[in-house]
Amino acid sequence: IPKKYADLLNPKFNNQIVMTDPRSSSSAHTHIWFLTKFLADAAGEPPYGWSFYKELRKLNAKYVASHGTIRAMVQTGERPLGIQMLNDAMMSIKKGEPASFVLAQEGSPAEISAASLVKGSRNPNEAKAFLDFLLTEQGQELMVKLGGMVPVRTDTAFKFPDGRGVADVKLVAVDLAYITPAKREEHMQKFHEIMR
């Protein structure tokens, strides 16, 4: 089992890796930032930076439209290694699917999920009450149970499937300036130049 992102570049993983396509999955941009910018700055290129994706291309990594497709391909063994968001892996494990997960030694990008109140909505008081509920201990517990999310409240009981707590792993805050719409367009073009 790979322990670091660089381990995925081993030729023994030829035809075994699946990940999301940045044209259809916004979370793919989080991984692009993490691999091409954060890890390249921290550990160098190669193995990171865009050279990481060039090596994945040599291994015939497959990219798909959604994390649900990754889950299905991992579950059937068609592509046993999926680069995906933590909550998807946690839900697979929770459902008893034949899956495990690895939080890479270099760290894992922490993607933020948002909930908001739309200006001019028909039921703003009810919407605000729901948003307030999401931040309660009970709301956070439901986010963990039903969505595989890591809670934002530190008083909410939470363990990763391997038994570690949030303080025991390296979660890396995403540089939002690197995943702006203009940067995303640039990254999609570069990604597809390499991966086609």
# chains A, B, ... in the order shown; residues from 1 in each chain; ligands from 1
call {"tool": "closest_atom_pairs", "arguments": {"of": "stretch 15-101 of chain A", "to": "stretch 112-130 of chain A", "cutoff": "12 Å", "atoms": "only C-alpha atoms", "output": "CSV"}}
result
residue,atom,partner,partner_atom,distance
A:Ser26,CA,A:Ser113,CA,11.4
A:Ser27,CA,A:Ile112,CA,9.7
A:Thr30,CA,A:Ile112,CA,10.0
A:Met85,CA,A:Ile112,CA,10.9
A:Leu86,CA,A:Ile112,CA,11.6
A:Asn87,CA,A:Ser113,CA,10.9
call {"tool": "select_by_dssp", "arguments": {"residues": "stretch 17-177 of chain A", "states": "helix (DSSP H, G or I)", "output": "PyMOL selection string"}}
result
chain A and resi 27-43+50-58+67-76+86-94+124-134+137-147+166-168+176-177
call {"tool": "write_last_selection", "arguments": {"atoms": "C-alpha atoms", "output": "short mmCIF file (atom, residue, chain, number, x, y, z; two decimals), in the first residue's frame"}}
result
data_model
loop_
_atom_site.label_atom_id
_atom_site.label_comp_id
_atom_site.auth_asym_id
_atom_site.auth_seq_id
_atom_site.Cartn_x
_atom_site.Cartn_y
_atom_site.Cartn_z
CA SER A 27 -11.89 18.76 -5.68
CA ALA A 28 -9.42 17.72 -8.38
CA HIS A 29 -8.07 21.27 -8.22
CA THR A 30 -7.26 20.76 -4.54
CA HIS A 31 -5.10 17.78 -5.44
CA ILE A 32 -3.51 19.65 -8.35
CA TRP A 33 -2.51 22.47 -5.98
CA PHE A 34 -1.23 20.00 -3.39
CA LEU A 35 0.90 18.03 -5.86
CA THR A 36 2.10 20.76 -8.22
CA LYS A 37 2.60 23.61 -5.77
CA PHE A 38 2.61 22.60 -2.10
CA LEU A 39 4.60 19.36 -2.39
CA ALA A 40 6.79 20.69 -5.21
CA ASP A 41 7.77 23.62 -2.97
CA ALA A 42 8.26 21.36 0.07
CA ALA A 43 9.93 18.30 -1.46
CA TRP A 50 3.65 18.72 -13.02
CA SER A 51 6.20 15.94 -13.43
CA PHE A 52 4.05 13.93 -10.98
CA TYR A 53 1.20 13.96 -13.50
CA LYS A 54 3.59 13.15 -16.36
CA GLU A 55 4.63 10.03 -14.47
CA LEU A 56 1.01 9.12 -13.71
CA ARG A 57 0.30 9.39 -17.44
CA LYS A 58 3.04 6.82 -18.13
CA HIS A 67 -15.81 10.49 -6.85
CA GLY A 68 -18.74 8.06 -7.05
CA THR A 69 -17.12 6.53 -10.12
CA ILE A 70 -13.83 6.25 -8.24
CA ARG A 71 -15.60 4.46 -5.39
CA ALA A 72 -17.22 2.02 -7.83
CA MET A 73 -13.94 1.29 -9.64
CA VAL A 74 -12.08 0.74 -6.37
CA GLN A 75 -14.88 -1.46 -5.03
CA THR A 76 -14.88 -3.74 -8.09
CA LEU A 86 -11.36 11.65 2.46
CA ASN A 87 -15.12 11.73 2.99
CA ASP A 88 -15.66 9.45 -0.02
CA ALA A 89 -13.19 6.88 1.31
CA MET A 90 -14.70 7.11 4.78
CA MET A 91 -18.21 6.50 3.41
CA SER A 92 -16.97 3.45 1.48
CA ILE A 93 -15.50 2.01 4.66
CA LYS A 94 -18.61 2.88 6.68
CA PRO A 124 -34.41 32.89 5.52
CA ASN A 125 -35.29 32.26 9.17
CA GLU A 126 -35.59 28.51 8.65
CA ALA A 127 -32.41 28.49 6.57
CA LYS A 128 -30.51 30.37 9.27
CA ALA A 129 -31.82 27.94 11.91
CA PHE A 130 -30.56 25.04 9.79
CA LEU A 131 -27.14 26.66 9.35
CA ASP A 132 -26.95 27.24 13.10
CA PHE A 133 -27.90 23.58 13.65
CA LEU A 134 -25.08 22.39 11.38
CA GLU A 137 -22.43 19.27 18.33
CA GLN A 138 -25.40 17.20 17.08
CA GLY A 139 -25.18 18.77 13.61
CA GLN A 140 -21.47 18.06 13.41
CA GLU A 141 -22.02 14.45 14.51
CA LEU A 142 -24.55 14.04 11.70
CA MET A 143 -22.08 15.51 9.19
CA VAL A 144 -19.58 12.85 10.28
CA LYS A 145 -22.11 10.00 10.30
CA LEU A 146 -23.98 10.84 7.09
CA GLY A 147 -21.31 12.60 5.05
CA VAL A 166 -7.51 15.03 13.68
CA ALA A 167 -4.55 16.17 15.81
CA ASP A 168 -2.66 13.00 14.84
CA LEU A 176 -7.25 29.47 -2.15
CA ALA A 177 -5.34 31.96 -4.31
#
call {"tool": "select_by_dssp", "arguments": {"residues": "chain A", "states": "strand (DSSP E or B)", "output": "short mmCIF file (atom, residue, chain, number, x, y, z; two decimals) with N, CA and C atoms, in the first residue's frame"}}
result
data_model
loop_
_atom_site.label_atom_id
_atom_site.label_comp_id
_atom_site.auth_asym_id
_atom_site.auth_seq_id
_atom_site.Cartn_x
_atom_site.Cartn_y
_atom_site.Cartn_z
N ILE A 17 -4.55 3.10 -11.09
CA ILE A 17 -4.89 4.36 -10.43
C ILE A 17 -6.04 5.06 -11.13
N VAL A 18 -6.96 5.61 -10.34
CA VAL A 18 -8.07 6.41 -10.85
C VAL A 18 -8.17 7.69 -10.02
N MET A 19 -8.51 8.78 -10.69
CA MET A 19 -8.68 10.08 -10.02
C MET A 19 -9.73 10.88 -10.77
N THR A 20 -10.15 12.00 -10.18
CA THR A 20 -11.17 12.81 -10.84
C THR A 20 -10.57 13.75 -11.87
N LYS A 62 -6.24 6.63 -14.88
CA LYS A 62 -7.52 6.97 -15.50
C LYS A 62 -8.14 8.14 -14.73
N TYR A 63 -8.74 9.07 -15.45
CA TYR A 63 -9.45 10.14 -14.78
C TYR A 63 -10.91 10.10 -15.17
N VAL A 64 -11.78 10.29 -14.18
CA VAL A 64 -13.22 10.11 -14.34
C VAL A 64 -13.96 11.35 -13.83
N LEU A 81 -6.58 1.69 -6.80
CA LEU A 81 -6.02 2.86 -6.12
C LEU A 81 -6.74 4.12 -6.59
N GLY A 82 -7.48 4.75 -5.69
CA GLY A 82 -8.20 5.96 -6.02
C GLY A 82 -7.64 7.16 -5.29
N ILE A 83 -7.34 8.22 -6.03
CA ILE A 83 -6.96 9.50 -5.43
C ILE A 83 -8.26 10.28 -5.29
N SER A 108 -2.25 15.72 3.84
CA SER A 108 -3.40 15.66 2.94
C SER A 108 -4.06 17.02 2.88
N PRO A 109 -4.46 17.44 1.68
CA PRO A 109 -5.12 18.74 1.57
C PRO A 109 -6.48 18.70 2.25
N ALA A 110 -6.78 19.70 3.04
CA ALA A 110 -8.06 19.79 3.74
C ALA A 110 -8.99 20.67 2.92
N LEU A 171 -3.06 17.73 8.20
CA LEU A 171 -4.01 18.28 7.25
C LEU A 171 -3.49 19.65 6.82
N VAL A 172 -3.45 19.88 5.53
CA VAL A 172 -2.85 21.09 4.98
C VAL A 172 -3.95 22.00 4.43
N ALA A 173 -3.97 23.23 4.93
CA ALA A 173 -4.95 24.21 4.43
C ALA A 173 -4.61 24.57 2.99
#
call {"tool": "atom_distance", "arguments": {"atom1": "atom CA of A:Tyr178", "atom2": "atom CA of A:Phe191"}}
result
14.8 Å
call {"tool": "atom_distance", "arguments": {"atom1": "atom CA of A:Tyr5", "atom2": "atom CA of A:Pro181"}}
result
25.7 Å
call {"tool": "atom_distance", "arguments": {"atom1": "atom CA of A:Pro98", "atom2": "atom CA of A:Glu111"}}
result
24.4 Å
call {"tool": "residues_around", "arguments": {"residues": "A:Gly163", "least_positions_apart": "6", "cutoff": "12 Å", "atoms": "only C-alpha atoms", "output": "PDB file with C-alpha atoms, in the first residue's frame"}}
result
ATOM      1  CA  PHE A 101      -7.582   4.677   2.979  1.00  0.00           C
ATOM      2  CA  ALA A 157     -15.938  13.005  18.922  1.00  0.00           C
ATOM      3  CA  VAL A 169      -2.559  13.676  11.087  1.00  0.00           C
TER       4      VAL A 169
END
call {"tool": "closest_residue", "arguments": {"among": "A:Gly96, A:Asn14, A:Leu103, A:Pro151", "to": "A:Arg164", "atoms": "only C-alpha atoms"}}
result
A:Leu103
call {"tool": "closest_residue", "arguments": {"among": "A:Glu106, A:Asn60, A:Lys95, A:Pro47", "to": "A:Lys4", "atoms": "only C-alpha atoms"}}
result
A:Glu106
call {"tool": "closest_residue", "arguments": {"among": "A:Thr136, A:Gln16, A:Ser25, A:Thr180", "to": "A:Thr156", "atoms": "only C-alpha atoms"}}
result
A:Thr136
call {"tool": "closest_residue", "arguments": {"among": "A:Ile179, A:Ala6, A:Leu59, A:Ala65", "to": "A:Gly44", "atoms": "only C-alpha atoms"}}
result
A:Ala6
call {"tool": "decode", "arguments": {"residues": "stretch 65-106 of chain A", "atoms": "N, CA and C atoms", "output": "PDB file, in the first residue's frame"}}
result
ATOM      1  N   ALA A  65     -15.262  11.397 -14.106  1.00  0.00           N
ATOM      2  CA  ALA A  65     -16.057  12.590 -13.813  1.00  0.00           C
ATOM      3  C   ALA A  65     -16.363  12.806 -12.336  1.00  0.00           C
ATOM      4  N   SER A  66     -16.427  11.732 -11.539  1.00  0.00           N
ATOM      5  CA  SER A  66     -16.890  11.929 -10.163  1.00  0.00           C
ATOM      6  C   SER A  66     -16.225  10.975  -9.182  1.00  0.00           C
ATOM      7  N   HIS A  67     -16.336  11.351  -7.909  1.00  0.00           N
ATOM      8  CA  HIS A  67     -15.806  10.488  -6.855  1.00  0.00           C
ATOM      9  C   HIS A  67     -16.632   9.212  -6.711  1.00  0.00           C
ATOM     10  N   GLY A  68     -17.915   9.269  -7.064  1.00  0.00           N
ATOM     11  CA  GLY A  68     -18.737   8.063  -7.045  1.00  0.00           C
ATOM     12  C   GLY A  68     -18.194   7.014  -8.004  1.00  0.00           C
ATOM     13  N   THR A  69     -17.717   7.454  -9.151  1.00  0.00           N
ATOM     14  CA  THR A  69     -17.115   6.533 -10.122  1.00  0.00           C
ATOM     15  C   THR A  69     -15.827   5.946  -9.565  1.00  0.00           C
ATOM     16  N   ILE A  70     -15.046   6.767  -8.876  1.00  0.00           N
ATOM     17  CA  ILE A  70     -13.829   6.245  -8.244  1.00  0.00           C
ATOM     18  C   ILE A  70     -14.195   5.163  -7.243  1.00  0.00           C
ATOM     19  N   ARG A  71     -15.179   5.447  -6.399  1.00  0.00           N
ATOM     20  CA  ARG A  71     -15.599   4.456  -5.393  1.00  0.00           C
ATOM     21  C   ARG A  71     -15.997   3.145  -6.063  1.00  0.00           C
ATOM     22  N   ALA A  72     -16.770   3.227  -7.137  1.00  0.00           N
ATOM     23  CA  ALA A  72     -17.220   2.018  -7.830  1.00  0.00           C
ATOM     24  C   ALA A  72     -16.040   1.252  -8.421  1.00  0.00           C
ATOM     25  N   MET A  73     -15.089   1.954  -9.015  1.00  0.00           N
ATOM     26  CA  MET A  73     -13.941   1.290  -9.635  1.00  0.00           C
ATOM     27  C   MET A  73     -13.023   0.658  -8.592  1.00  0.00           C
ATOM     28  N   VAL A  74     -12.875   1.317  -7.449  1.00  0.00           N
ATOM     29  CA  VAL A  74     -12.075   0.736  -6.368  1.00  0.00           C
ATOM     30  C   VAL A  74     -12.796  -0.486  -5.809  1.00  0.00           C
ATOM     31  N   GLN A  75     -14.093  -0.365  -5.601  1.00  0.00           N
ATOM     32  CA  GLN A  75     -14.883  -1.458  -5.028  1.00  0.00           C
ATOM     33  C   GLN A  75     -14.822  -2.715  -5.889  1.00  0.00           C
ATOM     34  N   THR A  76     -14.900  -2.566  -7.211  1.00  0.00           N
ATOM     35  CA  THR A  76     -14.880  -3.736  -8.095  1.00  0.00           C
ATOM     36  C   THR A  76     -13.468  -4.245  -8.369  1.00  0.00           C
ATOM     37  N   GLY A  77     -12.464  -3.442  -8.001  1.00  0.00           N
ATOM     38  CA  GLY A  77     -11.083  -3.827  -8.267  1.00  0.00           C
ATOM     39  C   GLY A  77     -10.603  -3.429  -9.648  1.00  0.00           C
ATOM     40  N   GLU A  78     -11.471  -2.780 -10.435  1.00  0.00           N
ATOM     41  CA  GLU A  78     -11.070  -2.344 -11.773  1.00  0.00           C
ATOM     42  C   GLU A  78      -9.871  -1.396 -11.698  1.00  0.00           C
ATOM     43  N   ARG A  79      -9.891  -0.507 -10.730  1.00  0.00           N
ATOM     44  CA  ARG A  79      -8.787   0.412 -10.434  1.00  0.00           C
ATOM     45  C   ARG A  79      -8.671   0.456  -8.908  1.00  0.00           C
ATOM     46  N   PRO A  80      -7.795  -0.349  -8.330  1.00  0.00           N
ATOM     47  CA  PRO A  80      -7.761  -0.463  -6.865  1.00  0.00           C
ATOM     48  C   PRO A  80      -7.203   0.736  -6.112  1.00  0.00           C
ATOM     49  N   LEU A  81      -6.585   1.688  -6.796  1.00  0.00           N
ATOM     50  CA  LEU A  81      -6.024   2.863  -6.122  1.00  0.00           C
ATOM     51  C   LEU A  81      -6.743   4.122  -6.588  1.00  0.00           C
ATOM     52  N   GLY A  82      -7.476   4.746  -5.687  1.00  0.00           N
ATOM     53  CA  GLY A  82      -8.202   5.959  -6.022  1.00  0.00           C
ATOM     54  C   GLY A  82      -7.639   7.161  -5.290  1.00  0.00           C
ATOM     55  N   ILE A  83      -7.343   8.224  -6.032  1.00  0.00           N
ATOM     56  CA  ILE A  83      -6.958   9.500  -5.426  1.00  0.00           C
ATOM     57  C   ILE A  83      -8.256  10.279  -5.290  1.00  0.00           C
ATOM     58  N   GLN A  84      -8.736  10.403  -4.059  1.00  0.00           N
ATOM     59  CA  GLN A  84     -10.032  11.037  -3.867  1.00  0.00           C
ATOM     60  C   GLN A  84     -10.115  11.730  -2.524  1.00  0.00           C
ATOM     61  N   MET A  85     -11.237  12.361  -2.282  1.00  0.00           N
ATOM     62  CA  MET A  85     -11.430  13.088  -1.040  1.00  0.00           C
ATOM     63  C   MET A  85     -11.686  12.101   0.102  1.00  0.00           C
ATOM     64  N   LEU A  86     -11.257  12.496   1.271  1.00  0.00           N
ATOM     65  CA  LEU A  86     -11.356  11.655   2.456  1.00  0.00           C
ATOM     66  C   LEU A  86     -12.778  11.206   2.743  1.00  0.00           C
ATOM     67  N   ASN A  87     -13.755  12.114   2.633  1.00  0.00           N
ATOM     68  CA  ASN A  87     -15.118  11.731   2.991  1.00  0.00           C
ATOM     69  C   ASN A  87     -15.638  10.603   2.109  1.00  0.00           C
ATOM     70  N   ASP A  88     -15.223  10.542   0.854  1.00  0.00           N
ATOM     71  CA  ASP A  88     -15.660   9.446  -0.016  1.00  0.00           C
ATOM     72  C   ASP A  88     -15.078   8.119   0.449  1.00  0.00           C
ATOM     73  N   ALA A  89     -13.811   8.112   0.802  1.00  0.00           N
ATOM     74  CA  ALA A  89     -13.191   6.884   1.306  1.00  0.00           C
ATOM     75  C   ALA A  89     -13.828   6.467   2.626  1.00  0.00           C
ATOM     76  N   MET A  90     -14.093   7.431   3.491  1.00  0.00           N
ATOM     77  CA  MET A  90     -14.704   7.105   4.779  1.00  0.00           C
ATOM     78  C   MET A  90     -16.098   6.521   4.601  1.00  0.00           C
ATOM     79  N   MET A  91     -16.869   7.038   3.653  1.00  0.00           N
ATOM     80  CA  MET A  91     -18.207   6.500   3.410  1.00  0.00           C
ATOM     81  C   MET A  91     -18.129   5.089   2.842  1.00  0.00           C
ATOM     82  N   SER A  92     -17.148   4.808   1.993  1.00  0.00           N
ATOM     83  CA  SER A  92     -16.969   3.446   1.478  1.00  0.00           C
ATOM     84  C   SER A  92     -16.719   2.478   2.624  1.00  0.00           C
ATOM     85  N   ILE A  93     -15.831   2.858   3.514  1.00  0.00           N
ATOM     86  CA  ILE A  93     -15.499   2.005   4.657  1.00  0.00           C
ATOM     87  C   ILE A  93     -16.719   1.833   5.549  1.00  0.00           C
ATOM     88  N   LYS A  94     -17.428   2.916   5.820  1.00  0.00           N
ATOM     89  CA  LYS A  94     -18.614   2.881   6.682  1.00  0.00           C
ATOM     90  C   LYS A  94     -19.683   1.951   6.112  1.00  0.00           C
ATOM     91  N   LYS A  95     -19.791   1.904   4.778  1.00  0.00           N
ATOM     92  CA  LYS A  95     -20.782   1.046   4.123  1.00  0.00           C
ATOM     93  C   LYS A  95     -20.313  -0.408   4.017  1.00  0.00           C
ATOM     94  N   GLY A  96     -19.099  -0.679   4.471  1.00  0.00           N
ATOM     95  CA  GLY A  96     -18.588  -2.043   4.410  1.00  0.00           C
ATOM     96  C   GLY A  96     -18.021  -2.427   3.058  1.00  0.00           C
ATOM     97  N   GLU A  97     -17.796  -1.448   2.195  1.00  0.00           N
ATOM     98  CA  GLU A  97     -17.210  -1.734   0.887  1.00  0.00           C
ATOM     99  C   GLU A  97     -15.752  -2.149   1.074  1.00  0.00           C
ATOM    100  N   PRO A  98     -15.233  -2.969   0.163  1.00  0.00           N
ATOM    101  CA  PRO A  98     -13.838  -3.421   0.295  1.00  0.00           C
ATOM    102  C   PRO A  98     -12.865  -2.281  -0.024  1.00  0.00           C
ATOM    103  N   ALA A  99     -12.673  -1.416   0.948  1.00  0.00           N
ATOM    104  CA  ALA A  99     -11.820  -0.246   0.738  1.00  0.00           C
ATOM    105  C   ALA A  99     -11.071   0.079   2.020  1.00  0.00           C
ATOM    106  N   SER A 100      -9.966   0.737   1.854  1.00  0.00           N
ATOM    107  CA  SER A 100      -9.228   1.297   2.983  1.00  0.00           C
ATOM    108  C   SER A 100      -8.743   2.662   2.523  1.00  0.00           C
ATOM    109  N   PHE A 101      -8.076   3.377   3.389  1.00  0.00           N
ATOM    110  CA  PHE A 101      -7.582   4.677   2.979  1.00  0.00           C
ATOM    111  C   PHE A 101      -6.225   4.929   3.607  1.00  0.00           C
ATOM    112  N   VAL A 102      -5.500   5.817   2.977  1.00  0.00           N
ATOM    113  CA  VAL A 102      -4.193   6.227   3.476  1.00  0.00           C
ATOM    114  C   VAL A 102      -4.170   7.750   3.492  1.00  0.00           C
ATOM    115  N   LEU A 103      -3.837   8.309   4.629  1.00  0.00           N
ATOM    116  CA  LEU A 103      -3.527   9.735   4.692  1.00  0.00           C
ATOM    117  C   LEU A 103      -2.029   9.806   4.477  1.00  0.00           C
ATOM    118  N   ALA A 104      -1.622  10.363   3.360  1.00  0.00           N
ATOM    119  CA  ALA A 104      -0.217  10.347   2.952  1.00  0.00           C
ATOM    120  C   ALA A 104       0.690  10.962   4.014  1.00  0.00           C
ATOM    121  N   GLN A 105       1.896  10.418   4.113  1.00  0.00           N
ATOM    122  CA  GLN A 105       2.866  10.912   5.088  1.00  0.00           C
ATOM    123  C   GLN A 105       3.169  12.390   4.895  1.00  0.00           C
ATOM    124  N   GLU A 106       3.141  12.868   3.658  1.00  0.00           N
ATOM    125  CA  GLU A 106       3.436  14.274   3.395  1.00  0.00           C
ATOM    126  C   GLU A 106       2.315  15.189   3.877  1.00  0.00           C
TER     127      GLU A 106
END
